>>> print(open('protein_23.cif').read())   # mmCIF, C-alpha atoms and all ligand atoms
data_query
loop_
_atom_site.label_atom_id
_atom_site.label_comp_id
_atom_site.auth_asym_id
_atom_site.auth_seq_id
_atom_site.Cartn_x
_atom_site.Cartn_y
_atom_site.Cartn_z
CA MET L 1 80.12 103.34 90.38
CA ASP L 2 83.67 104.54 90.88
CA ARG L 3 83.39 106.41 94.13
CA LEU L 4 81.40 106.50 97.32
CA SER L 5 78.62 109.03 97.72
CA LEU L 6 78.70 111.50 100.58
CA GLU L 7 76.15 109.37 102.48
CA GLN L 8 78.24 106.24 101.96
CA LYS L 9 81.33 107.99 103.30
CA GLN L 10 79.39 109.21 106.32
CA PHE L 11 78.21 105.65 106.94
CA LEU L 12 81.80 104.37 106.61
CA TYR L 13 82.99 106.98 109.09
CA HIS L 14 80.37 106.20 111.72
CA GLN L 15 79.99 102.43 111.27
CA GLY L 16 83.51 101.48 110.14
CA PHE L 17 82.38 99.60 107.05
CA ILE L 18 80.27 99.96 103.92
CA VAL L 19 78.68 97.35 101.66
CA LEU L 20 78.91 98.08 97.95
CA LYS L 21 76.16 96.35 96.00
CA LYS L 22 77.34 94.76 92.76
CA ALA L 23 80.86 96.15 93.06
CA VAL L 24 82.18 93.20 91.06
CA SER L 25 80.74 92.18 87.70
CA GLU L 26 78.94 88.89 87.18
CA HIS L 27 81.65 87.89 84.74
CA LEU L 28 84.42 88.24 87.37
CA VAL L 29 82.32 86.46 89.99
CA ASP L 30 81.60 83.57 87.62
CA ARG L 31 85.28 83.25 86.71
CA ALA L 32 86.32 83.11 90.38
CA LEU L 33 83.60 80.58 91.16
CA ALA L 34 84.59 78.40 88.20
CA ARG L 35 88.20 78.44 89.39
CA ILE L 36 87.15 77.39 92.90
CA LYS L 37 85.04 74.61 91.42
CA SER L 38 87.91 73.31 89.29
CA ALA L 39 90.45 73.39 92.15
CA LYS L 40 92.11 70.15 93.11
CA LYS L 41 91.84 69.11 96.74
CA GLY L 42 94.21 71.25 98.80
CA GLU L 43 95.18 73.48 95.86
CA ASN L 44 96.03 77.03 96.93
CA LEU L 45 94.20 79.61 94.83
CA SER L 46 95.54 82.60 96.73
CA THR L 47 97.58 84.10 93.88
CA GLU L 48 95.23 83.19 91.03
CA LYS L 49 94.39 86.08 88.73
CA SER L 50 90.70 85.15 88.90
CA MET L 51 90.90 85.99 92.63
CA THR L 52 93.06 89.13 92.57
CA ASP L 53 91.01 90.48 89.63
CA LEU L 54 88.05 90.77 92.00
CA VAL L 55 89.83 93.94 93.16
CA ASN L 56 92.23 94.69 90.31
CA ALA L 57 89.69 94.50 87.48
CA SER L 58 86.58 95.71 89.33
CA SER L 59 85.23 99.05 90.53
CA ILE L 60 86.78 98.37 93.96
CA THR L 61 90.17 99.71 92.85
CA SER L 62 88.82 103.12 91.85
CA VAL L 63 86.57 103.32 94.91
CA LEU L 64 89.51 102.57 97.22
CA ASN L 65 91.86 104.91 95.37
CA GLU L 66 89.40 107.72 95.88
CA VAL L 67 88.34 107.07 99.47
CA MET L 68 91.63 105.72 100.84
CA GLY L 69 94.46 106.59 98.46
CA PRO L 70 97.12 104.75 96.48
CA PHE L 71 97.85 101.08 97.14
CA ASP L 72 99.61 98.17 95.48
CA PRO L 73 97.34 95.99 93.32
CA PRO L 74 96.87 92.78 95.32
CA GLN L 75 98.93 89.79 94.19
CA ALA L 76 97.26 87.46 96.65
CA ALA L 77 93.98 86.97 98.44
CA GLN L 78 92.71 85.00 101.39
CA ILE L 79 90.28 82.41 100.07
CA GLY L 80 87.64 82.48 102.77
CA ILE L 81 85.68 79.31 102.22
CA LEU L 82 83.64 77.99 105.14
CA LYS L 83 81.95 74.64 104.73
CA LYS L 84 78.55 74.03 106.25
CA ARG L 85 78.97 72.43 109.67
CA PRO L 86 77.20 71.92 112.99
CA PRO L 87 78.44 73.57 116.22
CA GLY L 88 81.71 71.92 117.29
CA ASN L 89 82.90 70.38 120.52
CA HIS L 90 86.43 71.82 120.19
CA TYR L 91 87.90 74.77 122.07
CA ASN L 92 87.99 77.82 119.81
CA ASN L 93 90.68 80.51 119.81
CA LEU L 94 88.95 82.28 122.70
CA GLY L 95 89.28 79.15 124.82
CA TYR L 96 85.57 78.24 124.81
CA LYS L 97 83.76 75.30 123.21
CA ASP L 98 82.68 76.34 119.73
CA LYS L 99 79.15 75.12 120.47
CA ASP L 100 79.01 77.35 123.58
CA MET L 101 80.01 80.53 121.75
CA PRO L 102 76.99 82.72 120.93
CA TYR L 103 76.30 84.40 117.62
CA TYR L 104 77.26 81.52 115.35
CA GLY L 105 80.57 81.04 117.09
CA ALA L 106 81.92 84.50 116.24
CA GLU L 107 85.41 85.12 117.61
CA LEU L 108 85.62 88.89 117.33
CA HIS L 109 89.22 90.04 116.99
CA MET L 110 91.55 92.69 115.71
CA ASP L 111 93.60 91.62 112.73
CA GLY L 112 97.38 91.31 112.98
CA ASN L 113 97.17 89.21 116.16
CA ILE L 114 99.12 85.99 116.57
CA THR L 115 97.06 82.82 116.78
CA ILE L 116 98.64 79.59 117.97
CA ALA L 117 96.49 76.44 117.86
CA GLN L 118 94.45 76.18 121.05
CA PRO L 119 95.20 73.36 123.47
CA GLN L 120 92.23 71.01 123.52
CA GLU L 121 92.71 70.07 127.18
CA ILE L 122 92.02 72.32 130.16
CA GLN L 123 95.34 73.88 131.12
CA GLN L 124 96.91 73.50 134.56
CA GLY L 125 99.28 75.75 136.49
CA THR L 126 99.67 79.47 136.94
CA SER L 127 98.81 82.06 134.29
CA GLU L 128 102.53 82.38 133.64
CA ASP L 129 102.90 78.62 133.10
CA ILE L 130 100.00 78.67 130.66
CA TYR L 131 101.39 81.67 128.77
CA ASN L 132 104.82 80.06 128.48
CA ARG L 133 103.33 76.80 127.26
CA TYR L 134 101.21 78.67 124.73
CA ILE L 135 103.98 80.70 123.09
CA ARG L 136 106.24 77.63 122.94
CA SER L 137 103.68 75.58 121.04
CA GLY L 138 103.82 77.65 117.83
CA PRO L 139 105.10 76.34 114.48
CA LYS L 140 108.70 77.40 115.22
CA GLY L 141 108.82 75.61 118.56
CA ASP L 142 110.32 76.89 121.78
CA LEU L 143 111.92 80.31 121.18
CA GLY L 144 111.01 81.80 124.54
CA ARG L 145 109.28 85.15 124.61
CA THR L 146 110.74 86.92 121.58
CA ALA L 147 109.53 88.68 118.44
CA GLU L 148 110.67 85.60 116.48
CA VAL L 149 107.71 83.59 117.78
CA MET L 150 105.17 83.03 115.02
CA GLY L 151 101.61 81.78 115.08
CA HIS L 152 99.97 79.08 113.03
CA ASN L 153 98.38 82.01 111.19
CA TYR L 154 101.93 83.20 110.28
CA THR L 155 101.52 86.34 112.39
CA PRO L 156 104.37 87.21 114.78
CA LEU L 157 103.92 87.45 118.57
CA PHE L 158 105.31 90.99 118.31
CA GLN L 159 106.02 93.05 115.22
CA ASP L 160 109.16 94.74 116.53
CA PRO L 161 112.32 93.33 118.15
CA GLU L 162 111.71 95.41 121.29
CA MET L 163 108.30 93.77 121.70
CA THR L 164 106.35 97.03 121.99
CA LEU L 165 103.89 96.39 119.15
CA GLY L 166 101.65 93.33 119.50
CA LEU L 167 99.60 93.78 116.32
CA GLY L 168 100.32 93.99 112.61
CA SER L 169 98.40 96.70 110.76
CA PHE L 170 97.15 97.95 107.42
CA THR L 171 94.39 100.32 106.30
CA ALA L 172 91.39 98.55 104.78
CA PHE L 173 89.72 95.19 104.46
CA VAL L 174 87.91 94.18 101.31
CA PHE L 175 85.52 91.23 101.57
CA VAL L 176 84.23 90.14 98.17
CA CYS L 177 81.15 87.92 98.32
CA LEU L 178 80.82 85.08 95.79
CA ASN L 179 77.72 83.24 97.01
CA ASP L 180 74.31 84.08 98.42
CA GLN L 181 74.77 85.26 102.00
CA SER L 182 71.51 87.16 102.29
CA GLN L 183 70.19 84.96 105.14
CA PRO L 184 71.98 84.94 108.54
CA GLY L 185 73.91 81.90 109.72
CA CYS L 186 75.57 81.08 106.40
CA GLY L 187 79.11 81.82 107.57
CA GLN L 188 78.95 85.57 107.05
CA THR L 189 81.75 87.92 107.94
CA SER L 190 80.64 89.48 111.21
CA LEU L 191 81.62 92.97 112.34
CA LEU L 192 81.22 95.09 115.42
CA PRO L 193 79.94 98.36 113.93
CA ARG L 194 81.20 101.60 115.46
CA ALA L 195 83.89 99.78 117.47
CA HIS L 196 86.62 101.11 115.15
CA HIS L 197 86.41 104.45 116.97
CA LEU L 198 87.02 102.67 120.26
CA THR L 199 89.97 100.60 119.07
CA GLU L 200 91.67 103.74 117.79
CA LYS L 201 91.00 105.50 121.09
CA PHE L 202 92.28 102.49 123.01
CA PHE L 203 95.51 102.38 120.96
CA LYS L 204 96.03 106.07 121.67
CA TRP L 205 95.51 105.49 125.37
CA GLN L 206 97.92 102.54 125.38
CA TYR L 207 100.54 104.54 123.52
CA ALA L 208 100.23 107.40 126.00
CA GLN L 209 100.88 105.01 128.92
CA ASN L 210 104.20 103.54 127.80
CA GLY L 211 104.46 103.48 124.01
CA HIS L 212 103.29 99.86 123.80
CA ILE L 213 100.32 98.96 121.59
CA GLY L 214 98.30 95.77 121.30
CA PRO L 215 98.27 92.59 123.40
CA GLU L 216 100.76 92.68 126.28
CA GLY L 217 100.50 96.48 126.23
CA PRO L 218 98.58 98.29 129.02
CA ASP L 219 95.24 96.69 130.00
CA TRP L 220 95.40 94.01 127.33
CA PRO L 221 96.74 90.69 128.61
CA ARG L 222 97.46 88.18 125.85
CA LEU L 223 95.55 85.26 127.33
CA ASN L 224 92.30 84.81 129.20
CA THR L 225 93.13 82.14 131.76
CA ASN L 226 89.54 82.34 133.03
CA SER L 227 88.24 80.85 129.79
CA GLU L 228 86.98 77.23 129.73
CA ASN L 229 90.34 75.76 128.70
CA ARG L 230 92.25 78.52 130.59
CA SER L 231 94.30 79.41 127.50
CA GLY L 232 91.97 81.53 125.35
CA MET L 233 93.18 84.54 123.42
CA ASN L 234 92.06 87.97 124.56
CA TYR L 235 91.41 88.97 121.00
CA LEU L 236 89.99 92.27 122.24
CA PRO L 237 90.68 94.22 125.41
CA GLU L 238 88.03 94.11 128.13
CA GLN L 239 87.34 97.85 127.74
CA ILE L 240 86.18 97.43 124.16
CA LEU L 241 84.18 94.25 124.75
CA GLY L 242 82.53 95.86 127.75
CA ALA L 243 81.37 98.87 125.74
CA PHE L 244 79.20 96.62 123.55
CA ILE L 245 77.63 94.46 126.23
CA ASP L 246 74.21 94.92 127.80
CA GLU L 247 71.58 92.72 129.47
CA ASP L 248 70.54 91.32 126.09
CA SER L 249 74.05 90.09 125.26
CA LEU L 250 74.33 86.31 125.14
CA ALA L 251 76.80 84.52 127.43
CA THR L 252 79.03 81.47 127.45
CA PRO L 253 78.25 78.89 130.20
CA ASP L 254 80.65 80.65 132.60
CA GLY L 255 78.34 83.67 132.56
CA ARG L 256 80.62 85.86 130.48
CA ARG L 257 78.64 88.01 128.07
CA TRP L 258 79.78 88.71 124.51
CA PRO L 259 79.05 91.58 122.13
CA LYS L 260 76.60 90.82 119.35
CA PRO L 261 78.21 91.35 115.98
CA VAL L 262 76.37 92.25 112.80
CA GLN L 263 76.42 89.63 110.10
CA ILE L 264 77.20 91.28 106.78
CA LEU L 265 74.45 90.11 104.45
CA MET L 266 75.65 90.13 100.87
CA GLU L 267 74.90 88.61 97.48
CA PRO L 268 77.34 87.48 94.80
CA GLY L 269 79.32 90.46 93.47
CA ASP L 270 78.73 92.59 96.57
CA ALA L 271 81.77 93.75 98.51
CA CYS L 272 82.32 95.12 101.98
CA ILE L 273 85.05 97.67 102.62
CA ALA L 274 85.97 98.04 106.30
CA THR L 275 88.59 99.87 108.29
CA TYR L 276 91.51 97.86 109.67
CA HIS L 277 90.36 99.05 113.10
CA ILE L 278 87.05 97.19 113.14
CA PRO L 279 86.69 94.04 115.29
CA HIS L 280 85.46 91.24 113.06
CA SER L 281 85.17 87.50 112.65
CA GLY L 282 84.01 84.75 110.38
CA SER L 283 81.05 82.79 111.68
CA ARG L 284 79.73 79.27 111.58
CA ASN L 285 77.99 78.22 108.39
CA GLU L 286 75.09 76.40 110.01
CA ASN L 287 72.20 77.23 107.70
CA GLY L 288 73.82 77.53 104.30
CA THR L 289 72.94 75.36 101.33
CA GLU L 290 76.56 75.58 100.14
CA SER L 291 79.97 76.66 101.41
CA ARG L 292 80.39 80.35 102.24
CA LYS L 293 82.78 81.99 99.77
CA ASN L 294 84.35 85.36 100.61
CA ILE L 295 87.61 86.47 99.03
CA ILE L 296 89.43 88.70 101.49
CA PHE L 297 92.06 91.39 100.86
CA ARG L 298 94.14 93.45 103.26
CA ILE L 299 95.06 96.79 101.74
CA ARG L 300 97.42 99.44 103.07
CA ASN L 301 97.77 103.03 101.96
CA LYS L 302 100.99 103.15 99.96
CA ARG L 303 102.20 106.26 101.77
CA ARG L 304 102.91 104.30 104.97
CA GLN L 305 105.90 102.60 103.33
CA PRO L 306 106.25 103.80 99.72
CA ALA L 307 109.30 101.60 99.02
CA LYS L 308 107.61 98.34 100.03
CA VAL L 309 105.38 96.39 97.65
CA LEU L 310 102.54 94.68 99.50
CA THR L 311 100.86 91.48 98.36
CA GLY L 312 97.39 92.32 99.66
CA ILE L 313 96.98 89.33 101.96
CA SER L 314 99.26 89.91 104.95
CA ASP L 315 98.01 91.27 108.27
CA HIS L 316 101.63 92.04 109.30
CA PRO L 317 103.20 93.75 106.27
CA ASP L 318 105.97 95.44 108.28
CA ARG L 319 107.54 91.97 108.38
CA GLY L 320 107.83 89.30 105.71
CA TRP L 321 105.05 86.72 105.41
CA LEU L 322 107.04 84.23 107.48
CA GLY L 323 108.17 86.88 109.94
CA GLU L 324 111.35 87.82 108.04
CA TRP L 325 112.92 91.11 109.07
CA LEU L 326 112.71 93.60 106.20
CA LYS L 327 115.31 96.28 105.57
CA TYR L 328 114.27 99.89 106.05
CA GLU L 329 116.34 102.92 105.09
CA HIS L 330 118.00 104.96 107.81
CA GLY L 331 115.49 107.05 109.73
CA ASN L 332 112.50 104.93 108.68
CA ASP L 333 111.15 103.30 111.82
CA PRO L 334 108.34 101.03 110.58
CA TRP L 335 107.02 100.30 114.09
CA GLN L 336 106.72 103.98 114.89
CA ARG L 337 104.95 104.66 111.60
CA SER L 338 102.53 101.83 112.20
CA LYS L 339 101.82 102.97 115.75
CA GLN L 340 101.07 106.46 114.45
CA ALA L 341 98.74 105.02 111.80
CA MET L 342 96.97 102.85 114.39
CA CYS L 343 96.45 105.86 116.66
CA ASN L 344 95.24 108.10 113.80
CA MET L 345 93.27 105.85 111.49
CA TRP L 346 91.75 108.47 109.20
CA ASN L 347 95.16 109.82 108.18
CA GLU L 348 95.31 106.90 105.74
CA TRP L 349 91.83 107.54 104.33
CA GLU L 350 92.62 110.48 102.11
CA GLY L 351 89.16 110.81 100.57
CA MET L 352 87.52 110.96 103.99
CA ARG L 353 89.07 114.21 105.20
CA ASP L 354 86.03 116.45 104.78
CA ILE L 355 83.77 113.85 106.40
CA VAL L 356 86.14 113.38 109.35
CA ALA L 357 86.55 117.14 109.77
CA ALA L 358 82.79 117.68 109.76
CA ALA L 359 82.11 114.78 112.15
CA THR L 360 84.75 115.80 114.68
CA LYS L 361 84.04 119.55 114.60
CA LYS L 362 83.22 120.76 118.06
FE FE L 401 90.69 88.74 110.94
#
>>> encode(input="protein_23.cif", output="structure tokens")
Amino acid sequence: MDRLSLEQKQFLYHQGFIVLKKAVSEHLVDRALARIKSAKKGENLSTEKSMTDLVNASSITSVLNEVMGPFDPPQAAQIGILKKRPPGNHYNNLGYKDKDMPYYGAELHMDGNITIAQPQEIQQGTSEDIYNRYIRSGPKGDLGRTAEVMGHNYTPLFQDPEMTLGLGSFTAFVFVCLNDQSQPGCGQTSLLPRAHHLTEKFFKWQYAQNGHIGPEGPDWPRLNTNSENRSGMNYLPEQILGAFIDEDSLATPDGRRWPKPVQILMEPGDACIATYHIPHSGSRNENGTESRKNIIFRIRNKRRQPAKVLTGISDHPDRGWLGEWLKYEHGNDPWQRSKQAMCNMWNEWEGMRDIVAAATKK
């Protein structure tokens, strides 16, 4: 299978993701698994050919070329291994105890967002005090509020020097499944189907207010100082969370309800392609008989920045991996291009044009 069917494209449009059964051959899956098995403790497999081949030597490349467009073959992958574990007593990135977070501890977020390690004590002081303490506790230390601040996930606080873009961006996720994840609670990637339409709409609305997009833009404060430790990340704006909450939604002990994500059930060799715009999360591997193994790629349509070669792992490719400032030719404003792409997601899905046109026809 080298391309999506019409029905698959329609599903991708409406739901924001599509699972491709057996997109990767058994041979490639076995090779990647063998490499994981032979890894020394702490060895980084990110740039191993057995990992990047899951896209570069499988049907995923032709599928993506057709539905999305041209992209650089990945040189690196995120090795998403989640060991089996019980619910934890620590504060998660949302500022709640892991064990208190419903839906297997899902922390639904947009990609490209800074994450600094959460304080494990309840924070004191004003919201401003807590914010200042938070951004000064990153890996680069106290830099004040600037676009130089980086997270422990290597993502910058802001993409641009003017601090008007709070999220990195790309076009598509690829999650390649290497172990049996057909039963819920095994650490599955979790998604919020259909929310990609809302994130795009929200970005557009933010941009129309004052040209700022992402956290610290309109109606999206960076931190939730009402969380249990008072320093949780607002990984999603209230407007989007609220749209997916009803009386059946489970709550944390403070009474706050959370959207229920869908766990993507896959088997070895299956792959999920999702839009950058979809809120997503890993989840706790409570029930698995082994570690959860997903190899994750972040792909961007080459036309956004034709002169830049992307590695396929970064969620902030307008900057270097460590936040380095890249050179752009005169007249090429990378922040403006990314804002436009974030506000018009389907422009970077070239094989989706007929489907988008038909779905949005009045
Ligand atoms: Fe993510």
>>> residues_near_ligand(input="protein_23.cif", ligand="ligand FE 401 (chain L)", cutoff="7 Å", atoms="only C-alpha atoms and all ligand atoms", output="PyMOL selection string")
chain L and resi 109-111+280-281
>>> closest_residue(input="protein_23.cif", among="L:Asp254, L:Glu290, L:Glu267, L:Asp160", to="Arg230 (chain L)", atoms="all atoms listed in the file")
L:Asp254
>>> residues_around(input="protein_23.cif", residues="Met150 (chain L)", least_positions_apart="3", cutoff="7 Å", atoms="only C-alpha atoms", output="VMD selection string")
chain L and resid 114 138 to 140 154 to 157
>>> closest_atom_pairs(input="protein_23.cif", of="region 230-335 of chain L", to="region 24-36 of chain L", cutoff="10 Å", atoms="all atoms listed in the file", output="tab-separated table")
residue	atom	partner	partner_atom	distance
L:Pro268	CA	L:Val29	CA	7.0
L:Gly269	CA	L:Val24	CA	4.6
L:Asp270	CA	L:Val24	CA	6.5
L:Ala271	CA	L:Val24	CA	7.5
L:Lys293	CA	L:Leu33	CA	8.8
L:Ile295	CA	L:Ala32	CA	9.4
>>> atom_distance(input="protein_23.cif", atom1="CA of Lys37 (chain L)", atom2="CA of Ile273 (chain L)")
25.6 Å
>>> closest_atom_pairs(input="protein_23.cif", of="region 113-191 of chain L", to="region 78-82 of chain L", cutoff="12 Å", atoms="all atoms listed in the file", output="tab-separated table")
residue	atom	partner	partner_atom	distance
L:Asn153	CA	L:Gln78	CA	11.7
L:Phe173	CA	L:Gln78	CA	11.1
L:Val174	CA	L:Gln78	CA	10.4
L:Phe175	CA	L:Gly80	CA	9.1
L:Val176	CA	L:Gly80	CA	9.6
L:Cys177	CA	L:Gly80	CA	9.6
L:Leu178	CA	L:Ile81	CA	9.9
L:Asn179	CA	L:Ile81	CA	10.3
L:Gln181	CA	L:Leu82	CA	11.9
L:Gly185	CA	L:Leu82	CA	11.4
L:Cys186	CA	L:Leu82	CA	8.7
L:Gly187	CA	L:Leu82	CA	6.4
L:Gln188	CA	L:Leu82	CA	9.1
L:Thr189	CA	L:Gly80	CA	9.5
>>> closest_residue(input="protein_23.cif", among="L:Ile122, L:Ala77, L:Arg298, L:Val67", to="Asn44 (chain L)", atoms="only C-alpha atoms")
L:Ala77
>>> closest_residue(input="protein_23.cif", among="L:Lys49, L:Arg3, L:Lys362, L:His152", to="Pro73 (chain L)", atoms="only C-alpha atoms")
L:Lys49
>>> closest_residue(input="protein_23.cif", among="L:Asp2, L:Asp98, L:Glu48, L:Glu348", to="Ile60 (chain L)", atoms="all atoms listed in the file")
L:Asp2
>>> atom_distance(input="protein_23.cif", atom1="CA of Met51 (chain L)", atom2="CA of Phe17 (chain L)")
21.6 Å
>>> closest_residue(input="protein_23.cif", among="L:Lys97, L:His277, L:His316, L:Lys204", to="Trp346 (chain L)", atoms="all atoms listed in the file")
L:His277
>>> atom_distance(input="protein_23.cif", atom1="CA of Asp248 (chain L)", atom2="CA of His197 (chain L)")
22.5 Å
